[in-house]
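What's in run31.pdb: PDB, C-alpha atoms
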ATOM      1  CA  MET I   1     -26.220  35.453   0.204
ATOM      2  CA  ALA I   2     -28.556  32.890  -1.387
ATOM      3  CA  HIS I   3     -31.174  31.299   0.837
ATOM      4  CA  GLN I   4     -30.500  27.657   1.736
ATOM      5  CA  ALA I   5     -33.230  25.321   2.931
ATOM      6  CA  ALA I   6     -32.624  23.586   6.244
ATOM      7  CA  PRO I   7     -31.653  19.898   5.854
ATOM      8  CA  ASP I   8     -34.559  17.500   6.287
ATOM      9  CA  ALA I   9     -35.537  13.929   5.441
ATOM     10  CA  ASN I  10     -35.490  14.761   1.733
ATOM     11  CA  THR I  11     -31.984  16.206   1.776
ATOM     12  CA  ARG I  12     -29.661  14.459  -0.659
ATOM     13  CA  LEU I  13     -25.922  14.170  -0.115
ATOM     14  CA  PHE I  14     -25.204  14.240  -3.832
ATOM     15  CA  ALA I  15     -27.422  15.545  -6.598
ATOM     16  CA  PRO I  16     -26.652  14.062 -10.036
ATOM     17  CA  GLY I  17     -26.733  16.766 -12.652
ATOM     18  CA  PHE I  18     -26.229  19.625 -10.211
ATOM     19  CA  ALA I  19     -23.453  21.786 -11.603
ATOM     20  CA  GLY I  20     -21.760  22.141  -8.221
ATOM     21  CA  HIS I  21     -21.338  18.398  -7.728
ATOM     22  CA  SER I  22     -18.882  16.088  -9.377
ATOM     23  CA  GLN I  23     -19.841  12.429  -9.123
ATOM     24  CA  ILE I  24     -16.293  11.381  -9.981
ATOM     25  CA  SER I  25     -14.771  13.561  -7.234
ATOM     26  CA  ALA I  26     -17.308  12.318  -4.684
ATOM     27  CA  ARG I  27     -16.531   8.716  -5.561
ATOM     28  CA  THR I  28     -12.749   9.116  -5.496
ATOM     29  CA  LEU I  29     -12.810  10.991  -2.173
ATOM     30  CA  GLY I  30     -15.063   8.327  -0.656
ATOM     31  CA  PHE I  31     -12.785   5.579  -1.894
ATOM     32  CA  TRP I  32      -9.727   7.457  -0.605
ATOM     33  CA  LEU I  33     -11.281   7.553   2.873
ATOM     34  CA  TYR I  34     -11.938   3.802   2.643
ATOM     35  CA  MET I  35      -8.274   3.295   1.748
ATOM     36  CA  LEU I  36      -7.140   5.254   4.793
ATOM     37  CA  SER I  37      -9.234   2.960   6.992
ATOM     38  CA  ASP I  38      -7.760  -0.018   5.139
ATOM     39  CA  ALA I  39      -4.312   1.418   5.895
ATOM     40  CA  LEU I  40      -5.242   1.373   9.592
ATOM     41  CA  LEU I  41      -5.964  -2.353   9.235
ATOM     42  CA  PHE I  42      -2.426  -2.848   7.951
ATOM     43  CA  THR I  43      -1.131  -0.622  10.759
ATOM     44  CA  ALA I  44      -2.712  -2.986  13.297
ATOM     45  CA  LEU I  45      -1.081  -5.950  11.535
ATOM     46  CA  PHE I  46       2.304  -4.208  11.613
ATOM     47  CA  ALA I  47       1.845  -3.522  15.323
ATOM     48  CA  ALA I  48       1.030  -7.201  15.924
ATOM     49  CA  TYR I  49       4.041  -8.238  13.852
ATOM     50  CA  ALA I  50       6.300  -5.932  15.868
ATOM     51  CA  VAL I  51       5.102  -7.496  19.111
ATOM     52  CA  LEU I  52       5.421 -11.093  17.894
ATOM     53  CA  ASP I  53       8.780 -10.640  16.151
ATOM     54  CA  THR I  54      10.866 -12.030  19.018
ATOM     55  CA  PRO I  55      12.700 -15.349  19.448
ATOM     56  CA  MET I  56      10.348 -16.251  22.295
ATOM     57  CA  ASN I  57       7.316 -15.933  20.030
ATOM     58  CA  ALA I  58       9.093 -18.038  17.403
ATOM     59  CA  ALA I  59       8.653 -20.906  19.895
ATOM     60  CA  GLY I  60      11.724 -22.719  18.631
ATOM     61  CA  GLY I  61      10.698 -22.204  15.006
ATOM     62  CA  PRO I  62      12.339 -19.953  12.434
ATOM     63  CA  ILE I  63      12.714 -16.216  12.979
ATOM     64  CA  ALA I  64      12.605 -13.470  10.360
ATOM     65  CA  SER I  65      16.263 -13.674   9.374
ATOM     66  CA  GLN I  66      15.808 -17.374   8.571
ATOM     67  CA  ILE I  67      12.791 -17.052   6.292
ATOM     68  CA  VAL I  68      13.107 -13.745   4.414
ATOM     69  CA  ASN I  69      15.440 -12.962   1.552
ATOM     70  CA  PRO I  70      15.927  -9.212   0.942
ATOM     71  CA  VAL I  71      17.320  -9.789  -2.562
ATOM     72  CA  GLU I  72      14.301 -11.834  -3.654
ATOM     73  CA  GLY I  73      12.106  -9.210  -1.998
ATOM     74  CA  PHE I  74      13.759  -6.584  -4.185
ATOM     75  CA  TRP I  75      12.631  -8.427  -7.325
ATOM     76  CA  GLN I  76       9.132  -8.462  -5.878
ATOM     77  CA  THR I  77       9.461  -4.729  -5.249
ATOM     78  CA  ILE I  78      10.381  -4.118  -8.888
ATOM     79  CA  ALA I  79       7.469  -6.317 -10.046
ATOM     80  CA  ILE I  80       4.830  -4.537  -7.970
ATOM     81  CA  LEU I  81       6.157  -1.056  -8.736
ATOM     82  CA  GLY I  82       6.268  -2.009 -12.420
ATOM     83  CA  SER I  83       2.662  -3.156 -12.176
ATOM     84  CA  VAL I  84       1.594   0.089 -10.522
ATOM     85  CA  THR I  85       3.466   2.128 -13.120
ATOM     86  CA  ALA I  86       1.865   0.141 -15.963
ATOM     87  CA  TYR I  87      -1.612   0.766 -14.571
ATOM     88  CA  SER I  88      -0.815   4.431 -13.949
ATOM     89  CA  LEU I  89       0.369   4.755 -17.569
ATOM     90  CA  ALA I  90      -2.934   3.169 -18.618
ATOM     91  CA  THR I  91      -4.686   6.133 -17.016
ATOM     92  CA  VAL I  92      -2.450   8.464 -19.026
ATOM     93  CA  ALA I  93      -3.909   6.810 -22.140
ATOM     94  CA  LEU I  94      -7.330   7.457 -20.581
ATOM     95  CA  LYS I  95      -6.754  11.197 -21.026
ATOM     96  CA  THR I  96      -7.053  10.795 -24.790
ATOM     97  CA  GLY I  97      -9.796   8.174 -24.635
ATOM     98  CA  ASN I  98      -7.409   5.562 -26.013
ATOM     99  CA  ARG I  99      -9.209   2.278 -25.208
ATOM    100  CA  ALA I 100      -6.449   0.035 -26.557
ATOM    101  CA  GLY I 101      -3.826   1.914 -24.538
ATOM    102  CA  VAL I 102      -5.829   1.669 -21.332
ATOM    103  CA  MET I 103      -6.498  -2.037 -21.778
ATOM    104  CA  LEU I 104      -2.869  -2.758 -22.701
ATOM    105  CA  GLY I 105      -1.702  -0.993 -19.534
ATOM    106  CA  ILE I 106      -4.155  -2.992 -17.431
ATOM    107  CA  VAL I 107      -3.006  -6.302 -18.944
ATOM    108  CA  ALA I 108       0.658  -5.384 -18.326
ATOM    109  CA  ALA I 109      -0.207  -4.487 -14.731
ATOM    110  CA  MET I 110      -1.937  -7.851 -14.296
ATOM    111  CA  VAL I 111       1.023  -9.823 -15.658
ATOM    112  CA  LEU I 112       3.481  -8.097 -13.309
ATOM    113  CA  ALA I 113       1.098  -8.553 -10.383
ATOM    114  CA  VAL I 114       0.939 -12.300 -11.088
ATOM    115  CA  VAL I 115       4.769 -12.392 -11.072
ATOM    116  CA  PHE I 116       4.759 -10.610  -7.712
ATOM    117  CA  LEU I 117       2.174 -12.971  -6.244
ATOM    118  CA  GLY I 118       4.052 -15.975  -7.645
ATOM    119  CA  PHE I 119       7.136 -15.061  -5.600
ATOM    120  CA  GLY I 120       5.047 -14.552  -2.481
ATOM    121  CA  PHE I 121       2.961 -17.708  -2.698
ATOM    122  CA  ASN I 122       6.057 -19.768  -3.507
ATOM    123  CA  ASP I 123       7.695 -18.508  -0.298
ATOM    124  CA  LEU I 124       4.652 -19.329   1.802
ATOM    125  CA  ALA I 125       4.187 -22.747   0.185
ATOM    126  CA  THR I 126       7.860 -23.614   0.767
ATOM    127  CA  LEU I 127       7.643 -22.625   4.426
ATOM    128  CA  THR I 128       4.471 -24.635   4.911
ATOM    129  CA  ALA I 129       6.004 -27.687   3.214
ATOM    130  CA  GLN I 130       8.910 -27.463   5.684
ATOM    131  CA  GLY I 131       6.492 -27.650   8.605
ATOM    132  CA  ASN I 132       6.708 -23.919   9.239
ATOM    133  CA  GLY I 133       3.123 -22.980   8.434
ATOM    134  CA  MET I 134       1.141 -20.203  10.014
ATOM    135  CA  ASP I 135       0.193 -22.393  13.003
ATOM    136  CA  ARG I 136       3.836 -23.170  13.874
ATOM    137  CA  SER I 137       4.367 -20.127  16.112
ATOM    138  CA  GLY I 138       3.024 -16.715  17.028
ATOM    139  CA  TYR I 139       5.704 -15.103  14.891
ATOM    140  CA  LEU I 140       4.824 -17.158  11.807
ATOM    141  CA  SER I 141       1.116 -16.432  12.347
ATOM    142  CA  ALA I 142       1.854 -12.695  12.243
ATOM    143  CA  TYR I 143       4.121 -13.123   9.208
ATOM    144  CA  PHE I 144       1.617 -15.208   7.209
ATOM    145  CA  VAL I 145      -1.324 -12.949   8.072
ATOM    146  CA  LEU I 146       0.567  -9.806   7.058
ATOM    147  CA  ILE I 147       1.766 -11.268   3.741
ATOM    148  CA  LEU I 148      -1.571 -12.968   2.952
ATOM    149  CA  THR I 149      -3.648  -9.866   3.750
ATOM    150  CA  HIS I 150      -1.604  -7.920   1.230
ATOM    151  CA  ALA I 151      -1.845 -10.776  -1.287
ATOM    152  CA  ILE I 152      -5.638 -10.923  -0.901
ATOM    153  CA  HIS I 153      -5.799  -7.199  -1.633
ATOM    154  CA  MET I 154      -3.749  -7.823  -4.754
ATOM    155  CA  LEU I 155      -6.050 -10.649  -5.842
ATOM    156  CA  PHE I 156      -9.065  -8.408  -5.365
ATOM    157  CA  GLY I 157      -7.330  -5.768  -7.508
ATOM    158  CA  LEU I 158      -6.746  -8.366 -10.247
ATOM    159  CA  ILE I 159     -10.457  -9.265 -10.220
ATOM    160  CA  TRP I 160     -11.306  -5.548 -10.417
ATOM    161  CA  MET I 161      -9.005  -5.220 -13.447
ATOM    162  CA  LEU I 162     -10.726  -8.150 -15.161
ATOM    163  CA  VAL I 163     -14.078  -6.424 -14.597
ATOM    164  CA  MET I 164     -12.712  -3.216 -16.116
ATOM    165  CA  LEU I 165     -11.433  -5.143 -19.151
ATOM    166  CA  VAL I 166     -15.059  -6.163 -19.721
ATOM    167  CA  GLN I 167     -16.637  -2.794 -18.948
ATOM    168  CA  ILE I 168     -14.318  -0.601 -21.048
ATOM    169  CA  PRO I 169     -15.218  -2.164 -24.443
ATOM    170  CA  ARG I 170     -18.842  -2.678 -23.384
ATOM    171  CA  ASP I 171     -19.649   0.733 -21.847
ATOM    172  CA  GLY I 172     -16.862   3.011 -23.062
ATOM    173  CA  PHE I 173     -15.458   5.792 -20.897
ATOM    174  CA  ASN I 174     -18.660   6.943 -19.254
ATOM    175  CA  GLU I 175     -18.708   8.627 -15.850
ATOM    176  CA  MET I 176     -19.033   5.415 -13.841
ATOM    177  CA  VAL I 177     -16.296   3.556 -15.731
ATOM    178  CA  VAL I 178     -13.912   6.520 -15.417
ATOM    179  CA  ALA I 179     -14.603   6.786 -11.658
ATOM    180  CA  ARG I 180     -13.901   3.061 -11.258
ATOM    181  CA  LEU I 181     -10.669   3.330 -13.242
ATOM    182  CA  LEU I 182      -9.508   6.245 -11.065
ATOM    183  CA  ASN I 183     -10.407   4.398  -7.849
ATOM    184  CA  LEU I 184      -8.588   1.317  -9.076
ATOM    185  CA  ARG I 185      -5.519   3.489  -9.761
ATOM    186  CA  MET I 186      -5.522   4.629  -6.124
ATOM    187  CA  PHE I 187      -6.160   1.088  -4.889
ATOM    188  CA  TRP I 188      -3.313  -0.313  -6.957
ATOM    189  CA  GLN I 189      -0.885   2.425  -5.937
ATOM    190  CA  PHE I 190      -1.875   1.712  -2.339
ATOM    191  CA  GLN I 191      -0.704  -1.911  -2.727
ATOM    192  CA  ALA I 192       2.775  -0.670  -3.664
ATOM    193  CA  THR I 193       2.758   1.679  -0.668
ATOM    194  CA  VAL I 194       1.908  -1.187   1.687
ATOM    195  CA  TRP I 195       4.555  -3.367   0.061
ATOM    196  CA  VAL I 196       7.264  -0.722   0.628
ATOM    197  CA  CYS I 197       6.397  -0.882   4.344
ATOM    198  CA  VAL I 198       6.396  -4.696   4.327
ATOM    199  CA  TYR I 199       9.689  -4.854   2.432
ATOM    200  CA  ILE I 200      11.465  -2.417   4.732
ATOM    201  CA  TYR I 201      10.040  -3.731   7.987
ATOM    202  CA  VAL I 202       9.902  -7.480   7.392
ATOM    203  CA  TYR I 203      12.472  -8.174   4.667
ATOM    204  CA  MET I 204      15.164  -5.668   5.632
ATOM    205  CA  ILE I 205      14.960  -4.870   9.333
ATOM    206  CA  GLY I 206      14.039  -8.514   9.960
ATOM    207  CA  ALA I 207      17.042  -9.751   7.982
TER     208      ALA I 207
ATOM    209  CA  MET Q   1     -13.971  19.194  -4.746
ATOM    210  CA  ALA Q   2     -13.871  19.907  -8.440
ATOM    211  CA  GLY Q   3     -16.977  20.928 -10.321
ATOM    212  CA  SER Q   4     -19.136  18.823 -12.592
ATOM    213  CA  HIS Q   5     -17.992  17.910 -16.091
ATOM    214  CA  SER Q   6     -20.133  16.639 -18.932
ATOM    215  CA  ASP Q   7     -17.088  14.899 -20.375
ATOM    216  CA  PRO Q   8     -15.660  12.463 -17.771
ATOM    217  CA  LEU Q   9     -12.281  12.559 -19.498
ATOM    218  CA  ALA Q  10     -12.070  16.302 -18.782
ATOM    219  CA  HIS Q  11     -12.196  15.680 -15.034
ATOM    220  CA  PRO Q  12      -9.125  17.079 -13.220
ATOM    221  CA  GLU Q  13      -8.262  13.684 -11.721
ATOM    222  CA  VAL Q  14      -8.110  12.206 -15.217
ATOM    223  CA  ARG Q  15      -6.091  15.137 -16.559
ATOM    224  CA  MET Q  16      -3.543  15.073 -13.713
ATOM    225  CA  GLY Q  17      -1.865  11.855 -14.887
ATOM    226  CA  GLY Q  18       1.500  12.180 -16.631
ATOM    227  CA  ALA Q  19       3.841   9.529 -18.055
ATOM    228  CA  MET Q  20       7.001  11.297 -16.897
ATOM    229  CA  ARG Q  21       5.658  11.685 -13.381
ATOM    230  CA  TYR Q  22       4.768   8.006 -13.061
ATOM    231  CA  ILE Q  23       8.094   6.867 -14.504
ATOM    232  CA  ALA Q  24       9.876   9.217 -12.083
ATOM    233  CA  GLY Q  25       7.834   7.635  -9.262
ATOM    234  CA  PHE Q  26       8.931   4.158 -10.347
ATOM    235  CA  ILE Q  27      12.618   5.090 -10.687
ATOM    236  CA  SER Q  28      12.807   7.026  -7.416
ATOM    237  CA  THR Q  29      11.103   4.298  -5.366
ATOM    238  CA  VAL Q  30      13.214   1.504  -6.893
ATOM    239  CA  ALA Q  31      16.386   3.567  -6.328
ATOM    240  CA  LEU Q  32      15.500   4.220  -2.676
ATOM    241  CA  MET Q  33      14.659   0.563  -2.064
ATOM    242  CA  GLY Q  34      17.881  -0.426  -3.835
ATOM    243  CA  ALA Q  35      19.833   1.882  -1.527
ATOM    244  CA  ALA Q  36      18.112   0.318   1.491
ATOM    245  CA  LEU Q  37      18.974  -3.149   0.155
ATOM    246  CA  ILE Q  38      22.662  -2.228  -0.192
ATOM    247  CA  VAL Q  39      22.732  -0.876   3.360
ATOM    248  CA  THR Q  40      21.083  -4.100   4.567
ATOM    249  CA  LEU Q  41      23.493  -6.411   2.760
ATOM    250  CA  ARG Q  42      26.594  -4.524   3.950
ATOM    251  CA  HIS Q  43      25.800  -5.074   7.655
ATOM    252  CA  ASP Q  44      28.294  -2.382   8.712
ATOM    253  CA  MET Q  45      26.083  -0.236  10.974
ATOM    254  CA  GLY Q  46      24.844  -0.534  14.521
ATOM    255  CA  TYR Q  47      21.244  -1.741  14.792
ATOM    256  CA  GLU Q  48      19.784   1.627  15.820
ATOM    257  CA  THR Q  49      21.655   3.549  13.113
ATOM    258  CA  TYR Q  50      20.635   0.944  10.563
ATOM    259  CA  VAL Q  51      16.942   1.222  11.521
ATOM    260  CA  GLU Q  52      17.150   5.018  11.271
ATOM    261  CA  VAL Q  53      18.796   4.882   7.830
ATOM    262  CA  VAL Q  54      16.419   2.370   6.222
ATOM    263  CA  GLY Q  55      13.473   4.023   7.977
ATOM    264  CA  GLY Q  56      14.523   7.343   6.445
ATOM    265  CA  LEU Q  57      14.843   5.759   2.991
ATOM    266  CA  ALA Q  58      11.369   4.213   3.407
ATOM    267  CA  ALA Q  59       9.925   7.595   4.428
ATOM    268  CA  LEU Q  60      11.443   9.182   1.312
ATOM    269  CA  ALA Q  61       9.989   6.386  -0.850
ATOM    270  CA  LEU Q  62       6.528   6.902   0.663
ATOM    271  CA  LEU Q  63       6.799  10.666   0.142
ATOM    272  CA  SER Q  64       7.840  10.063  -3.456
ATOM    273  CA  GLN Q  65       4.789   7.848  -3.982
ATOM    274  CA  ALA Q  66       2.459  10.395  -2.387
ATOM    275  CA  VAL Q  67       3.634  13.136  -4.726
ATOM    276  CA  LEU Q  68       4.445  11.260  -7.942
ATOM    277  CA  PHE Q  69       1.928   8.386  -7.923
ATOM    278  CA  TYR Q  70      -1.027   9.700  -5.911
ATOM    279  CA  GLY Q  71      -0.427  13.277  -7.095
ATOM    280  CA  LEU Q  72      -1.249  14.687  -3.651
ATOM    281  CA  ASP Q  73      -0.991  18.457  -3.413
ATOM    282  CA  ILE Q  74      -3.083  21.406  -2.247
ATOM    283  CA  SER Q  75      -4.925  21.905  -5.530
ATOM    284  CA  ARG Q  76      -8.715  22.156  -5.426
ATOM    285  CA  ALA Q  77      -9.071  18.618  -6.779
ATOM    286  CA  GLN Q  78      -6.689  17.010  -4.263
ATOM    287  CA  ILE Q  79      -6.771  19.142  -1.120
ATOM    288  CA  TRP Q  80      -9.161  16.942   0.884
ATOM    289  CA  LYS Q  81      -7.198  13.804   0.125
ATOM    290  CA  SER Q  82      -4.023  15.527   1.309
ATOM    291  CA  VAL Q  83      -5.701  16.838   4.464
ATOM    292  CA  SER Q  84      -7.275  13.475   5.350
ATOM    293  CA  LEU Q  85      -3.928  11.724   4.884
ATOM    294  CA  ILE Q  86      -2.119  14.253   7.074
ATOM    295  CA  LEU Q  87      -4.761  13.745   9.770
ATOM    296  CA  THR Q  88      -4.467   9.945   9.527
ATOM    297  CA  VAL Q  89      -0.664   9.612   9.560
ATOM    298  CA  PRO Q  90      -0.448  10.351  13.325
ATOM    299  CA  LEU Q  91      -2.882   7.471  13.889
ATOM    300  CA  PHE Q  92      -0.485   5.110  12.097
ATOM    301  CA  ILE Q  93       2.407   6.292  14.258
ATOM    302  CA  ILE Q  94       0.399   6.169  17.497
ATOM    303  CA  THR Q  95      -0.945   2.680  16.752
ATOM    304  CA  VAL Q  96       2.428   1.085  16.057
ATOM    305  CA  GLY Q  97       4.416   3.256  18.471
ATOM    306  CA  LEU Q  98       2.199   2.771  21.490
ATOM    307  CA  THR Q  99       1.800  -0.950  20.869
ATOM    308  CA  VAL Q 100       5.560  -1.489  20.628
ATOM    309  CA  TRP Q 101       6.159   0.739  23.661
ATOM    310  CA  MET Q 102       3.603  -1.098  25.796
ATOM    311  CA  PHE Q 103       4.880  -4.544  24.904
ATOM    312  CA  GLN Q 104       8.500  -3.477  25.272
ATOM    313  CA  SER Q 105       7.701  -2.432  28.820
ATOM    314  CA  LEU Q 106       5.859  -5.698  29.411
ATOM    315  CA  ASP Q 107       8.707  -7.673  27.869
ATOM    316  CA  GLN Q 108      11.290  -6.083  30.141
ATOM    317  CA  ARG Q 109       9.264  -6.403  33.344
ATOM    318  CA  THR Q 110       7.419  -9.690  33.132
ATOM    319  CA  MET Q 111       8.576 -11.956  30.337
ATOM    320  CA  VAL Q 112      11.504 -14.283  30.857
ATOM    321  CA  MET Q 113      13.346 -15.184  27.686
ATOM    322  CA  PRO Q 114      13.780 -18.978  27.468
ATOM    323  CA  ASN Q 115      16.764 -18.591  25.167
ATOM    324  CA  SER Q 116      18.756 -15.423  25.732
ATOM    325  CA  ALA Q 117      21.421 -16.458  23.189
ATOM    326  CA  ALA Q 118      18.823 -16.460  20.416
ATOM    327  CA  ALA Q 119      17.671 -13.027  21.516
ATOM    328  CA  ALA Q 120      21.187 -11.660  21.194
ATOM    329  CA  THR Q 121      21.501 -12.752  17.567
ATOM    330  CA  GLN Q 122      18.178 -11.301  16.435
ATOM    331  CA  PRO Q 123      17.586  -7.744  17.630
ATOM    332  CA  THR Q 124      14.025  -6.555  17.090
ATOM    333  CA  LEU Q 125      12.151  -3.367  17.770
ATOM    334  CA  LEU Q 126      10.898  -4.819  21.058
ATOM    335  CA  GLN Q 127      14.482  -5.263  22.257
TER     336      GLN Q 127
END
Rewrite the coordinates I just gave you, this time as structure tokens.
Amino acid sequence: MAHQAAPDANTRLFAPGFAGHSQISARTLGFWLYMLSDALLFTALFAAYAVLDTPMNAAGGPIASQIVNPVEGFWQTIAILGSVTAYSLATVALKTGNRAGVMLGIVAAMVLAVVFLGFGFNDLATLTAQGNGMDRSGYLSAYFVLILTHAIHMLFGLIWMLVMLVQIPRDGFNEMVVARLLNLRMFWQFQATVWVCVYIYVYMIGA
Amino acid sequence: MAGSHSDPLAHPEVRMGGAMRYIAGFISTVALMGAALIVTLRHDMGYETYVEVVGGLAALALLSQAVLFYGLDISRAQIWKSVSLILTVPLFIITVGLTVWMFQSLDQRTMVMPNSAAAATQPTLLQ
């Protein structure tokens, strides 16, 4: 067995250039672990929603069945899954180093994400205009926070995509750009996973 | 974890993507959500049965995403993602389950519903 030095102050977690280390794998695993902790944030929001989803916590305001539309939510589901599929297909083009294919997939993903967000923000704006904003009741606070937290994640993903649209033509598919594209794929797929939970729990069981 | 590659595009996580797999992920998830929507619109089940059915469809959709979108498996490139997810899933269940259980108990013992008629028309997990 080869001798290994004991860890000390000079020990490095990752050593660039060392044949046994993959920078891309280290980055994607680290980002995956971040996403699991992010999923726990959503879990806490779902728990809060479950507790506040009662007529008493509606405080005389609307309850879930009065504000959600499962059919409209289905169109949102198609939009976000289409966006995730478009981005995932962009990473298929990445296999051959096809810059145009990758960028086309990212743009398609962005367009579908904007459609998804348009539905969501329209719902929230309509509710607010009717006097049923997030400060109307405990239930509406939980509803708005859950939907907005997901929407903010989506907006962050859109900004990330814009950055990649700059970095791909500028830097090409170097190790850092590829790692970012792979992390963004996981992040984007994660948004669809969260939405499936929101759609089932809020839009269907609530209806 | 996979070994180092001089060509980033040769990395296993880049190579694992496949158009057919992603399209299958899209179709299967949309189909499962469509089935859940039909069950919801028909309104012909008891509340508990309905929750079990749509919950089962959601679980299948999430499993489909894990396999077809995330590509989770026990390969050398993906094993630690799969293991960390399996270890985290019980935390999701415990967090939501215990919270609902605690507040259900509280709801039944201490909280008086101001409008019991409204409660009857809108069953929730707490009830």
Each residue of chain I lying at most 6 Å from chain Q should get a row with its shortest atom-to-atom pair and the distance in Å to one decimal, counting all atoms listed in the file; could you produce that, ordered by chain and increasing number, as JSON lines?
{"residue": "I:Ala19", "atom": "CA", "partner": "Q:Ser4", "partner_atom": "CA", "distance": 5.3}
{"residue": "I:Gly20", "atom": "CA", "partner": "Q:Gly3", "partner_atom": "CA", "distance": 5.4}
{"residue": "I:His21", "atom": "CA", "partner": "Q:Ser4", "partner_atom": "CA", "distance": 5.4}
{"residue": "I:Ser22", "atom": "CA", "partner": "Q:Ser4", "partner_atom": "CA", "distance": 4.2}
{"residue": "I:Thr43", "atom": "CA", "partner": "Q:Phe92", "partner_atom": "CA", "distance": 5.9}
{"residue": "I:Ala47", "atom": "CA", "partner": "Q:Val96", "partner_atom": "CA", "distance": 4.7}
{"residue": "I:Pro55", "atom": "CA", "partner": "Q:Ala119", "partner_atom": "CA", "distance": 5.9}
{"residue": "I:Leu89", "atom": "CA", "partner": "Q:Ala19", "partner_atom": "CA", "distance": 5.9}
{"residue": "I:Val92", "atom": "CA", "partner": "Q:Gly17", "partner_atom": "CA", "distance": 5.4}
{"residue": "I:Lys95", "atom": "CA", "partner": "Q:Leu9", "partner_atom": "CA", "distance": 5.9}
{"residue": "I:Glu175", "atom": "CA", "partner": "Q:Pro8", "partner_atom": "CA", "distance": 5.3}
Write the residues you've just listed into a file as a PDB file, in the coordinates of the input, and include C-alpha atoms for each of them.
ATOM      1  CA  ALA I  19     -23.453  21.786 -11.603  1.00  0.00           C
ATOM      2  CA  GLY I  20     -21.760  22.141  -8.221  1.00  0.00           C
ATOM      3  CA  HIS I  21     -21.338  18.398  -7.728  1.00  0.00           C
ATOM      4  CA  SER I  22     -18.882  16.088  -9.377  1.00  0.00           C
ATOM      5  CA  THR I  43      -1.131  -0.622  10.759  1.00  0.00           C
ATOM      6  CA  ALA I  47       1.845  -3.522  15.323  1.00  0.00           C
ATOM      7  CA  PRO I  55      12.700 -15.349  19.448  1.00  0.00           C
ATOM      8  CA  LEU I  89       0.369   4.755 -17.569  1.00  0.00           C
ATOM      9  CA  VAL I  92      -2.450   8.464 -19.026  1.00  0.00           C
ATOM     10  CA  LYS I  95      -6.754  11.197 -21.026  1.00  0.00           C
ATOM     11  CA  GLU I 175     -18.708   8.627 -15.850  1.00  0.00           C
TER      12      GLU I 175
END
Exercise for the section: Give me, please, the distance in Å between atom CA of I:Ser137 and atom CA of I:Ala58, quoted to one decimal. Expected result: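 Computing it gives 5.3 Å between the two atoms.
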Handout entry: the PyMOL selection byres ((chain I and resi 163-170) around 10) resolved against shown file, as number ranges by chain
Key = I: 99-100, 102-104, 106-107, 157-162, 171-174, 176-178, 180-181, 184
Completion exercise
Among I:Leu124, I:Leu148, I:Ala113, I:Leu36, Q:Val83 is approached most closely, using all atoms listed in the file, by I:Leu36
Handout entry: Chain and number of each residue from the PyMOL selection byres ((chain I and resi 147) around 10), as a PyMOL selection string
Key = chain I and resi 45+120-121+124+142-146+148-152+195+198+202
Extending 3 Å beyond the listed atoms of stretch 20-25 of chain I on each side, what axis-aligned box results? I want centre and edge lengths in Å to one decimal, as lines of an AutoDock Vina configuration file.
center_x = -18.3
center_y = 16.8
center_z = -8.6
size_x = 13.0
size_y = 16.8
size_z = 8.7
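Between atom CA of I:Thr91 and atom CA of Q:Leu68 lies a distance of 13.9 Å.
Taking atom CA of I:Gly138 and atom CA of Q:Gly46 as the two end points, the separation is 27.3 Å.
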Kindly provide, as a compact mmCIF listing (two decimals) with C-alpha atoms, in the frame of the given file, the polymer residues lying within 6 Å of (-2.2, -0.6, -16.2), counting only C-alpha atoms and using the coordinates exactly as they appear in the file.
# COMPACT_ATOMS: atom_id res chain seq x y z
CA ALA I 86 1.86 0.14 -15.96
CA TYR I 87 -1.61 0.77 -14.57
CA SER I 88 -0.82 4.43 -13.95
CA ALA I 90 -2.93 3.17 -18.62
CA GLY I 105 -1.70 -0.99 -19.53
CA ILE I 106 -4.16 -2.99 -17.43
CA ALA I 108 0.66 -5.38 -18.33
CA ALA I 109 -0.21 -4.49 -14.73
Handout entry: Of the listed residues I:Leu140, I:Ile63, I:Met56, I:Ala48, that which approaches I:Thr128 most closely, counting only C-alpha atoms
Key = I:Leu140
Problem - I:Val84 surroundings by all atoms listed in the file, 8 Å radius, close-in-sequence under 5 positions cut, as a list in words - result: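 Near I:Val84, the qualifying residues are Ala109, Arg185, Trp188, Gln189 and Ala192 of chain I.
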Practice task
Could you give me, as number ranges by chain, the residues within 7 Å of stretch 65-77 of chain I, counting only C-alpha atoms and dropping anything in the same chain fewer than 5 positions from it?
Solution key: I: 116, 119, 199, 203-204, 206-207; Q: 37
